[in-house]
>>> print(open('query.tsv').read())   # TSV, N, CA and C atoms
chain	number	residue	atom	x	y	z
B	631	MET	N	0.81	-1.19	0.00
B	631	MET	CA	0.00	0.00	0.00
B	631	MET	C	0.87	1.26	0.00
B	632	GLU	N	2.01	1.20	0.67
B	632	GLU	CA	2.91	2.35	0.69
B	632	GLU	C	3.42	2.67	-0.71
B	633	ALA	N	3.72	1.65	-1.49
B	633	ALA	CA	4.21	1.88	-2.85
B	633	ALA	C	3.14	2.59	-3.69
B	634	PHE	N	1.88	2.18	-3.51
B	634	PHE	CA	0.79	2.84	-4.22
B	634	PHE	C	0.65	4.29	-3.76
B	635	ASN	N	0.76	4.51	-2.46
B	635	ASN	CA	0.68	5.86	-1.90
B	635	ASN	C	1.79	6.74	-2.48
B	636	HIS	N	3.00	6.22	-2.55
B	636	HIS	CA	4.12	7.00	-3.09
B	636	HIS	C	3.95	7.27	-4.58
B	637	SER	N	3.51	6.28	-5.33
B	637	SER	CA	3.34	6.50	-6.77
B	637	SER	C	2.20	7.49	-7.05
B	638	LEU	N	1.13	7.42	-6.27
B	638	LEU	CA	0.04	8.38	-6.43
B	638	LEU	C	0.51	9.79	-6.09
B	639	PHE	N	1.29	9.92	-5.02
B	639	PHE	CA	1.82	11.22	-4.65
B	639	PHE	C	2.72	11.79	-5.73
B	640	LEU	N	3.60	10.95	-6.27
B	640	LEU	CA	4.50	11.43	-7.33
B	640	LEU	C	3.76	11.81	-8.60
B	641	SER	N	2.60	11.18	-8.85
B	641	SER	CA	1.85	11.52	-10.06
B	641	SER	C	1.15	12.88	-9.95
B	642	ILE	N	0.85	13.32	-8.72
B	642	ILE	CA	0.20	14.62	-8.57
B	642	ILE	C	1.16	15.69	-8.06
B	643	ASN	N	2.37	15.32	-7.71
B	643	ASN	CA	3.36	16.27	-7.18
B	643	ASN	C	3.83	17.20	-8.29
B	644	ALA	N	3.84	18.49	-7.98
B	644	ALA	CA	4.30	19.49	-8.95
B	644	ALA	C	5.82	19.41	-9.10
B	645	THR	N	6.29	19.84	-10.25
B	645	THR	CA	7.72	19.88	-10.52
B	645	THR	C	8.14	21.33	-10.73
B	646	PRO	N	9.44	21.60	-10.77
B	646	PRO	CA	9.86	22.97	-11.06
B	646	PRO	C	9.39	23.48	-12.42
B	647	ASP	N	9.03	22.57	-13.33
B	647	ASP	CA	8.53	22.97	-14.64
B	647	ASP	C	7.03	23.30	-14.64
B	648	SER	N	6.35	23.11	-13.51
B	648	SER	CA	4.91	23.39	-13.43
B	648	SER	C	4.67	24.89	-13.57
B	649	PRO	N	3.54	25.28	-14.16
B	649	PRO	CA	3.24	26.72	-14.31
B	649	PRO	C	3.13	27.41	-12.96
B	650	GLY	N	3.54	28.66	-12.93
B	650	GLY	CA	3.49	29.44	-11.70
B	650	GLY	C	2.10	29.61	-11.14
B	651	TRP	N	1.10	29.78	-12.04
B	651	TRP	CA	-0.27	29.95	-11.57
B	651	TRP	C	-0.77	28.69	-10.88
B	652	LEU	N	-0.32	27.52	-11.35
B	652	LEU	CA	-0.74	26.27	-10.74
B	652	LEU	C	-0.13	26.11	-9.35
B	653	LEU	N	1.13	26.50	-9.22
B	653	LEU	CA	1.77	26.46	-7.90
B	653	LEU	C	1.11	27.44	-6.94
B	654	ALA	N	0.74	28.63	-7.43
B	654	ALA	CA	0.05	29.61	-6.59
B	654	ALA	C	-1.32	29.09	-6.15
B	655	LEU	N	-2.04	28.46	-7.07
B	655	LEU	CA	-3.35	27.88	-6.73
B	655	LEU	C	-3.19	26.77	-5.70
B	656	ALA	N	-2.23	25.90	-5.89
B	656	ALA	CA	-2.00	24.80	-4.93
B	656	ALA	C	-1.60	25.34	-3.57
B	657	THR	N	-0.79	26.38	-3.54
B	657	THR	CA	-0.39	26.99	-2.27
B	657	THR	C	-1.59	27.60	-1.57
B	658	PHE	N	-2.46	28.28	-2.31
B	658	PHE	CA	-3.67	28.85	-1.73
B	658	PHE	C	-4.56	27.75	-1.15
B	659	ILE	N	-4.74	26.68	-1.89
B	659	ILE	CA	-5.58	25.57	-1.43
B	659	ILE	C	-4.99	24.94	-0.17
B	660	ALA	N	-3.67	24.76	-0.14
B	660	ALA	CA	-3.02	24.11	0.99
B	660	ALA	C	-3.03	24.98	2.25
B	661	LYS	N	-2.88	26.28	2.09
B	661	LYS	CA	-2.71	27.14	3.26
B	661	LYS	C	-3.95	27.92	3.66
B	662	ASP	N	-4.73	28.41	2.71
B	662	ASP	CA	-5.76	29.39	3.02
B	662	ASP	C	-7.20	28.92	2.81
B	663	LEU	N	-7.41	27.89	2.05
B	663	LEU	CA	-8.79	27.48	1.72
B	663	LEU	C	-9.57	27.04	2.96
B	664	ILE	N	-8.88	26.45	3.94
B	664	ILE	CA	-9.59	25.98	5.13
B	664	ILE	C	-10.21	27.13	5.92
B	665	ALA	N	-9.68	28.33	5.77
B	665	ALA	CA	-10.23	29.49	6.48
B	665	ALA	C	-11.61	29.86	5.96
B	666	ILE	N	-11.94	29.44	4.77
B	666	ILE	CA	-13.24	29.76	4.19
B	666	ILE	C	-14.37	28.99	4.89
B	667	VAL	N	-14.07	27.81	5.41
B	667	VAL	CA	-15.10	26.97	6.03
B	667	VAL	C	-15.75	27.67	7.23
B	668	PRO	N	-14.99	28.15	8.23
B	668	PRO	CA	-15.68	28.83	9.34
B	668	PRO	C	-16.39	30.11	8.90
B	669	LEU	N	-15.81	30.82	7.94
B	669	LEU	CA	-16.47	32.04	7.45
B	669	LEU	C	-17.80	31.71	6.79
B	670	LEU	N	-17.82	30.64	6.02
B	670	LEU	CA	-19.05	30.21	5.37
B	670	LEU	C	-20.09	29.76	6.39
B	671	ILE	N	-19.66	29.06	7.42
B	671	ILE	CA	-20.58	28.61	8.46
B	671	ILE	C	-21.21	29.81	9.17
B	672	VAL	N	-20.38	30.79	9.53
B	672	VAL	CA	-20.91	31.99	10.19
B	672	VAL	C	-21.87	32.74	9.26
B	673	ALA	N	-21.51	32.87	8.00
B	673	ALA	CA	-22.37	33.57	7.05
B	673	ALA	C	-23.70	32.84	6.89
B	674	LEU	N	-23.67	31.52	6.82
B	674	LEU	CA	-24.92	30.76	6.69
B	674	LEU	C	-25.78	30.87	7.95
B	675	TRP	N	-25.13	30.99	9.11
B	675	TRP	CA	-25.88	31.12	10.36
B	675	TRP	C	-26.57	32.48	10.45
B	676	LEU	N	-25.87	33.53	9.99
B	676	LEU	CA	-26.38	34.89	10.19
B	676	LEU	C	-27.26	35.41	9.06
B	677	TRP	N	-26.99	35.00	7.83
B	677	TRP	CA	-27.72	35.57	6.70
B	677	TRP	C	-28.47	34.51	5.93
B	678	GLY	N	-29.59	34.93	5.35
B	678	GLY	CA	-30.37	34.04	4.52
B	678	GLY	C	-31.80	34.53	4.45
B	679	PRO	N	-32.59	33.92	3.58
B	679	PRO	CA	-34.00	34.29	3.48
B	679	PRO	C	-34.73	34.04	4.81
B	680	ARG	N	-35.59	34.97	5.20
B	680	ARG	CA	-36.28	34.87	6.50
B	680	ARG	C	-37.08	33.58	6.65
B	681	ASP	N	-37.68	33.12	5.58
B	681	ASP	CA	-38.51	31.93	5.68
B	681	ASP	C	-37.69	30.64	5.75
B	682	GLN	N	-36.38	30.73	5.54
B	682	GLN	CA	-35.54	29.54	5.56
B	682	GLN	C	-34.48	29.57	6.67
B	683	VAL	N	-34.56	30.53	7.58
B	683	VAL	CA	-33.52	30.68	8.62
B	683	VAL	C	-33.44	29.43	9.49
B	684	LYS	N	-34.58	28.90	9.92
B	684	LYS	CA	-34.56	27.74	10.81
B	684	LYS	C	-33.93	26.53	10.12
B	685	SER	N	-34.36	26.23	8.91
B	685	SER	CA	-33.79	25.07	8.21
B	685	SER	C	-32.32	25.29	7.87
B	686	GLN	N	-31.96	26.54	7.60
B	686	GLN	CA	-30.57	26.86	7.29
B	686	GLN	C	-29.69	26.66	8.53
B	687	ARG	N	-30.18	27.04	9.68
B	687	ARG	CA	-29.41	26.86	10.91
B	687	ARG	C	-29.30	25.38	11.29
B	688	VAL	N	-30.34	24.63	11.03
B	688	VAL	CA	-30.25	23.18	11.25
B	688	VAL	C	-29.17	22.59	10.35
B	689	LEU	N	-29.10	23.04	9.11
B	689	LEU	CA	-28.07	22.59	8.19
B	689	LEU	C	-26.68	22.95	8.69
B	690	VAL	N	-26.51	24.15	9.23
B	690	VAL	CA	-25.23	24.59	9.77
B	690	VAL	C	-24.82	23.70	10.95
B	691	LEU	N	-25.77	23.40	11.84
B	691	LEU	CA	-25.47	22.54	12.97
B	691	LEU	C	-25.08	21.13	12.53
B	692	LYS	N	-25.78	20.60	11.53
B	692	LYS	CA	-25.44	19.28	11.00
B	692	LYS	C	-24.06	19.29	10.35
B	693	THR	N	-23.74	20.36	9.66
B	693	THR	CA	-22.43	20.49	9.03
B	693	THR	C	-21.33	20.53	10.10
B	694	GLY	N	-21.57	21.28	11.16
B	694	GLY	CA	-20.60	21.34	12.26
B	694	GLY	C	-20.40	19.98	12.92
B	695	MET	N	-21.48	19.27	13.14
B	695	MET	CA	-21.37	17.92	13.72
B	695	MET	C	-20.62	16.97	12.79
B	696	ALA	N	-20.90	17.05	11.50
B	696	ALA	CA	-20.19	16.21	10.54
B	696	ALA	C	-18.70	16.53	10.52
B	697	LEU	N	-18.36	17.81	10.65
B	697	LEU	CA	-16.96	18.22	10.71
B	697	LEU	C	-16.27	17.67	11.95
B	698	ILE	N	-16.95	17.72	13.08
B	698	ILE	CA	-16.38	17.17	14.32
B	698	ILE	C	-16.19	15.66	14.20
B	699	TYR	N	-17.18	14.95	13.66
B	699	TYR	CA	-17.04	13.51	13.46
B	699	TYR	C	-15.89	13.18	12.52
B	700	ALA	N	-15.78	13.92	11.44
B	700	ALA	CA	-14.71	13.67	10.47
B	700	ALA	C	-13.33	13.88	11.09
B	701	LEU	N	-13.18	14.94	11.87
B	701	LEU	CA	-11.91	15.18	12.54
B	701	LEU	C	-11.59	14.09	13.56
B	702	ALA	N	-12.60	13.64	14.29
B	702	ALA	CA	-12.39	12.58	15.28
B	702	ALA	C	-12.00	11.26	14.61
B	703	ILE	N	-12.68	10.92	13.53
B	703	ILE	CA	-12.35	9.68	12.81
B	703	ILE	C	-10.96	9.77	12.21
B	704	SER	N	-10.61	10.91	11.65
B	704	SER	CA	-9.29	11.10	11.08
B	704	SER	C	-8.21	10.96	12.15
B	705	TRP	N	-8.44	11.53	13.32
B	705	TRP	CA	-7.48	11.42	14.41
B	705	TRP	C	-7.33	9.97	14.85
B	706	CYS	N	-8.46	9.24	14.99
B	706	CYS	CA	-8.41	7.83	15.41
B	706	CYS	C	-7.65	6.98	14.40
B	707	VAL	N	-7.92	7.16	13.13
B	707	VAL	CA	-7.21	6.39	12.10
B	707	VAL	C	-5.72	6.71	12.13
B	708	GLY	N	-5.38	7.98	12.33
B	708	GLY	CA	-3.97	8.37	12.43
B	708	GLY	C	-3.28	7.75	13.63
B	709	GLN	N	-4.01	7.57	14.71
B	709	GLN	CA	-3.43	6.93	15.89
B	709	GLN	C	-3.30	5.42	15.71
B	710	LEU	N	-4.24	4.81	15.00
B	710	LEU	CA	-4.20	3.36	14.79
B	710	LEU	C	-3.19	2.94	13.73
B	711	PHE	N	-3.02	3.74	12.69
B	711	PHE	CA	-2.13	3.41	11.59
B	711	PHE	C	-1.16	4.56	11.32
B	712	PRO	N	-0.21	4.78	12.22
B	712	PRO	CA	0.69	5.92	12.02
B	712	PRO	C	1.73	5.64	10.94
B	713	HIS	N	1.89	6.55	10.03
B	713	HIS	CA	2.97	6.52	9.05
B	713	HIS	C	3.11	7.92	8.47
B	714	PRO	N	4.32	8.30	8.13
B	714	PRO	CA	4.52	9.66	7.62
B	714	PRO	C	3.93	9.81	6.22
B	715	ARG	N	3.49	11.00	5.93
B	715	ARG	CA	3.01	11.29	4.58
B	715	ARG	C	4.20	11.41	3.65
B	716	PRO	N	4.00	11.21	2.36
B	716	PRO	CA	5.14	11.21	1.42
B	716	PRO	C	5.96	12.50	1.46
B	717	PHE	N	5.32	13.66	1.59
B	717	PHE	CA	6.08	14.90	1.61
B	717	PHE	C	6.92	15.01	2.88
B	718	ALA	N	6.52	14.34	3.95
B	718	ALA	CA	7.25	14.42	5.22
B	718	ALA	C	8.55	13.62	5.19
B	719	ILE	N	8.66	12.67	4.27
B	719	ILE	CA	9.89	11.88	4.17
B	719	ILE	C	10.80	12.39	3.05
B	720	GLY	N	10.42	13.52	2.45
B	720	GLY	CA	11.26	14.12	1.43
B	720	GLY	C	11.04	13.58	0.03
B	721	LEU	N	9.93	12.92	-0.21
B	721	LEU	CA	9.64	12.38	-1.54
B	721	LEU	C	9.11	13.49	-2.44
B	722	GLY	N	9.60	13.57	-3.66
B	722	GLY	CA	9.11	14.56	-4.63
B	722	GLY	C	9.64	15.96	-4.36
B	723	TYR	N	8.99	16.93	-4.97
B	723	TYR	CA	9.37	18.34	-4.82
B	723	TYR	C	8.48	18.98	-3.77
B	724	GLN	N	9.05	19.89	-2.99
B	724	GLN	CA	8.29	20.58	-1.96
B	724	GLN	C	8.41	22.10	-2.21
B	725	PHE	N	7.27	22.75	-2.27
B	725	PHE	CA	7.23	24.19	-2.51
B	725	PHE	C	6.79	24.97	-1.27
B	726	LEU	N	6.29	24.27	-0.24
B	726	LEU	CA	5.96	24.91	1.04
B	726	LEU	C	7.02	24.51	2.05
B	727	HIS	N	7.43	25.46	2.85
B	727	HIS	CA	8.44	25.17	3.86
B	727	HIS	C	7.77	24.83	5.17
>>> encode(input="query.tsv", output="structure tokens")
Amino acid sequence: MEAFNHSLFLSINATPDSPGWLLALATFIAKDLIAIVPLLIVALWLWGPRDQVKSQRVLVLKTGMALIYALAISWCVGQLFPHPRPFAIGLGYQFLH
């Protein structure tokens, strides 16, 4: 399974020949995109059509619970099957320090 993981990582890993815009997009996704999630949750909680506020808030609460479950499951799997990610062992090219 590790060999498959490494080959998959190398197939999507950017190279120095990759376009600059693609590297900038990947850097944005890796570093900043997660900040949009809490902003979107707050916006959905506060704004929306008056007749749909209750159902919209129920959706926000369900989304928050799903996020908590996903983080908990991810943490448990990481504790049960620890292994470094390919970028952590120096495989491929790294553009983030």
>>> closest_residue(input="query.tsv", among="B:Ala700, B:Trp675, B:Leu640, B:Pro714", to="B:Val688", atoms="only N, CA and C atoms")
B:Trp675
>>> atom_distance(input="query.tsv", atom1="atom N of B:Leu652", atom2="atom CA of B:Phe717")
19.2 Å
>>> select_by_dssp(input="query.tsv", residues="chain B", states="helix (DSSP H, G or I)", output="ChimeraX atom specification")
/B:632-642,650-661,663-676,680-710,716-719
>>> atom_distance(input="query.tsv", atom1="atom C of B:His713", atom2="atom CA of B:Ser637")
15.3 Å
>>> atom_distance(input="query.tsv", atom1="atom CA of B:Arg715", atom2="atom CA of B:Asn643")
12.8 Å
